[in-house]
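J.: This is the content of final_38.csv (CSV, C-alpha atoms):
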chain,number,residue,atom,x,y,z
A,1,MET,CA,0.0,0.0,0.0
A,2,THR,CA,1.5,3.4,-1.1
A,3,ARG,CA,0.8,6.2,1.3
A,4,VAL,CA,0.6,9.7,-0.3
A,5,LEU,CA,0.3,13.0,1.5
A,6,VAL,CA,-0.8,15.9,-0.8
A,7,VAL,CA,-0.1,19.4,0.6
A,8,SER,CA,-1.9,22.5,-0.7
A,9,HIS,CA,-1.7,26.1,0.4
A,10,THR,CA,-5.4,26.0,1.0
A,11,HIS,CA,-8.5,23.9,0.6
A,12,PRO,CA,-11.2,24.2,-2.1
A,13,ARG,CA,-13.8,24.4,0.7
A,14,LEU,CA,-12.2,27.7,1.7
A,15,THR,CA,-11.1,29.2,-1.5
A,16,ARG,CA,-11.8,28.3,-5.2
A,17,GLY,CA,-8.5,28.9,-6.9
A,18,GLY,CA,-7.1,26.5,-9.5
A,19,ALA,CA,-4.1,25.2,-7.4
A,20,GLU,CA,-6.2,24.0,-4.5
A,21,ILE,CA,-8.8,22.4,-6.8
A,22,ALA,CA,-6.0,20.6,-8.7
A,23,ALA,CA,-4.4,19.4,-5.4
A,24,PHE,CA,-7.7,18.2,-4.0
A,25,GLU,CA,-8.7,16.5,-7.2
A,26,GLN,CA,-5.3,14.6,-7.1
A,27,PHE,CA,-6.0,13.6,-3.5
A,28,ARG,CA,-9.6,12.5,-4.3
A,29,ARG,CA,-8.4,10.4,-7.2
A,30,LEU,CA,-5.5,8.9,-5.3
A,31,ARG,CA,-7.9,8.0,-2.5
A,32,GLU,CA,-10.0,6.0,-5.0
A,33,ALA,CA,-7.0,4.3,-6.6
A,34,PRO,CA,-6.3,0.6,-5.6
A,35,GLY,CA,-3.2,0.2,-3.5
A,36,VAL,CA,-3.1,3.8,-2.4
A,37,THR,CA,-3.9,5.5,0.9
A,38,ALA,CA,-4.1,9.2,0.4
A,39,PHE,CA,-4.1,12.2,2.8
A,40,PHE,CA,-4.7,15.9,2.2
A,41,LEU,CA,-3.1,18.8,4.2
A,42,ALA,CA,-4.3,22.3,3.4
A,43,GLY,CA,-3.4,25.6,4.8
A,44,ASN,CA,-6.1,27.5,6.6
A,45,GLY,CA,-5.0,31.1,5.7
A,46,GLY,CA,-7.6,32.4,8.2
A,47,TRP,CA,-10.7,31.3,6.4
A,48,HIS,CA,-11.7,28.5,8.8
A,49,ALA,CA,-12.3,28.8,12.6
A,50,ARG,CA,-9.1,28.1,14.5
A,51,ARG,CA,-8.8,25.9,17.6
A,52,ALA,CA,-6.7,27.5,20.3
A,53,GLY,CA,-3.5,25.7,20.9
A,54,VAL,CA,-3.8,23.5,17.8
A,55,ALA,CA,-1.8,24.0,14.6
A,56,ILE,CA,-3.2,21.0,12.6
A,57,GLN,CA,-6.8,19.8,12.9
A,58,ARG,CA,-9.1,17.4,11.1
A,59,PRO,CA,-12.3,19.3,10.4
A,60,TRP,CA,-13.6,17.1,7.5
A,61,GLY,CA,-12.6,13.6,8.3
A,62,PRO,CA,-9.8,11.2,9.1
A,63,ASP,CA,-7.7,11.8,5.9
A,64,GLU,CA,-8.1,15.6,5.5
A,65,PHE,CA,-6.0,18.0,7.7
A,66,LEU,CA,-6.1,21.8,8.0
A,67,ALA,CA,-3.1,23.6,9.2
A,68,ASP,CA,-3.3,27.0,10.9
A,69,THR,CA,-0.7,29.1,9.0
A,70,PRO,CA,-0.8,32.7,10.5
A,71,GLY,CA,2.3,34.8,10.5
A,72,TYR,CA,3.7,33.5,7.2
A,73,ASP,CA,6.7,35.6,6.0
A,74,HIS,CA,6.3,36.1,2.3
A,75,PHE,CA,9.8,37.5,1.9
A,76,ARG,CA,11.5,34.5,3.5
A,77,HIS,CA,8.9,32.0,2.6
A,78,ALA,CA,8.9,30.9,6.2
A,79,ASN,CA,6.3,30.2,8.9
A,80,PRO,CA,7.6,31.1,12.4
A,81,ASN,CA,4.9,29.1,14.3
A,82,PRO,CA,6.8,26.5,16.4
A,83,ALA,CA,3.5,24.6,17.0
A,84,LEU,CA,3.2,24.0,13.2
A,85,ALA,CA,6.7,22.6,13.0
A,86,ARG,CA,6.0,20.3,16.0
A,87,GLU,CA,2.6,19.1,14.7
A,88,TRP,CA,4.0,18.6,11.2
A,89,ALA,CA,6.6,16.3,12.6
A,90,ALA,CA,4.0,14.4,14.6
A,91,LEU,CA,1.7,14.1,11.6
A,92,LEU,CA,4.5,12.7,9.4
A,93,GLU,CA,5.3,10.1,12.1
A,94,GLU,CA,1.6,9.2,12.3
A,95,LEU,CA,0.9,9.0,8.6
A,96,ARG,CA,4.3,7.5,7.5
A,97,PRO,CA,3.9,8.7,3.9
A,98,ASP,CA,5.8,7.2,1.0
A,99,ILE,CA,5.3,10.3,-1.1
A,100,ILE,CA,4.8,13.9,0.0
A,101,HIS,CA,3.5,16.0,-2.8
A,102,PHE,CA,3.7,19.8,-2.1
A,103,HIS,CA,1.6,21.7,-4.5
A,104,HIS,CA,3.0,24.8,-2.9
A,105,TYR,CA,4.8,25.8,0.3
A,106,LEU,CA,2.9,29.1,0.5
A,107,GLY,CA,1.6,29.5,4.1
A,108,PHE,CA,3.6,26.5,5.3
A,109,GLY,CA,7.2,27.7,4.6
A,110,VAL,CA,10.1,26.1,2.9
A,111,GLU,CA,11.3,24.8,6.2
A,112,LEU,CA,8.6,22.1,6.1
A,113,LEU,CA,10.4,20.6,3.2
A,114,ALA,CA,13.6,20.1,5.3
A,115,ALA,CA,11.4,18.9,8.2
A,116,ALA,CA,9.8,16.3,5.9
A,117,ARG,CA,13.2,15.0,5.0
A,118,ARG,CA,14.1,14.7,8.7
A,119,HIS,CA,10.9,13.2,10.0
A,120,ALA,CA,10.0,11.1,6.9
A,121,PRO,CA,13.4,10.2,5.4
A,122,GLN,CA,11.8,7.3,3.5
A,123,ALA,CA,9.4,9.5,1.7
A,124,ARG,CA,9.9,10.8,-1.8
A,125,LEU,CA,9.3,14.6,-2.0
A,126,VAL,CA,7.6,16.2,-4.9
A,127,LEU,CA,7.2,19.9,-5.4
A,128,THR,CA,4.9,21.4,-8.0
As structure tokens, how would this structure be written, given the file I've shared?
T.:
Amino acid sequence: MTRVLVVSHTHPRLTRGGAEIAAFEQFRRLREAPGVTAFFLAGNGGWHARRAGVAIQRPWGPDEFLADTPGYDHFRHANPNPALAREWAALLEELRPDIIHFHHYLGFGVELLAAARRHAPQARLVLT
């Protein structure tokens, strides 16, 4: 069973841009494919209610995650939220993805790419 984590800067339930629709459609089709377990992580961007003290939540089911991404530094492409980094590491350890497909790092920060390598060294990283 191949485990794939699709990462998008936002979720089509929150905004209707092309990138998030493409990412979610990839996740949806992977979820239906035989031999694949798929997960979707989207950035919140402030459109969905936040839970105090929680950086990553599951508002729509066991395989869809929403990350609180306030404070994103557009100049450095970085997210200074230490809770996001900790919960990202815990999520990778829980999901054990074979492939992590970043459709964008906007909101998340490029440091999550390095953290993915540290906490899921077996995973292939894809960046669109």
J.: Tyr72 in chain A: which residues within 10 Å, counting all atoms listed in the file, same-chain residues fewer than 3 positions away excluded, as a list in words?
T.: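 In the requested form, the answer reads Gly45, Thr69, Phe75, Arg76, His77, Ala78, Asn79, Pro80, Asn81, Leu106, Gly107, Phe108 and Gly109 of chain A.
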J.: List the neighbours of range 5-12 of chain A out to 10 Å using all atoms listed in the file; skip same-chain residues closer than 4 positions along the sequence, and give me the result as a ChimeraX atom specification.
T.: /A:16-27,30,37-48,63-67,69,92,95-109,123,125-127
J.: What gap, in Å, lies between CA of Leu84 in chain A and CA of Ala55 in chain A?
T.: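 Interatomic distance here is 5.2 Å.
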J.: Using Å and a single decimal, report how far CA of Ala116 in chain A sits from CA of Thr128 in chain A.
T.: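 Computed distance, CA of Thr128 in chain A to CA of Ala116 in chain A, equals 15.6 Å.
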J.: Tell me which of A:Thr2, A:Val36, A:Leu91, A:Arg29 sits closest to Ile56 in chain A, counting all atoms listed in the file.
T.: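 The answer is A:Leu91, which sits nearest to Ile56 in chain A.
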J.: Hey, which of A:His74, A:Arg3, A:Arg117, A:Arg28 ends up closest to Glu94 in chain A? Count only C-alpha atoms.
T.: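 For Glu94 in chain A, the nearest of the given residues is A:Arg3.
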J.: Could you check how far CA of Arg124 in chain A sits from CA of Glu32 in chain A, in Å to one decimal?
T.: 20.7 Å
J.: For each of A:Ala115, A:Pro70, A:Pro59, A:Pro121, take the minimum atom-to-atom distance to Arg13 in chain A, counting only C-alpha atoms, then give the residue where this is smallest.
T.: A:Pro59
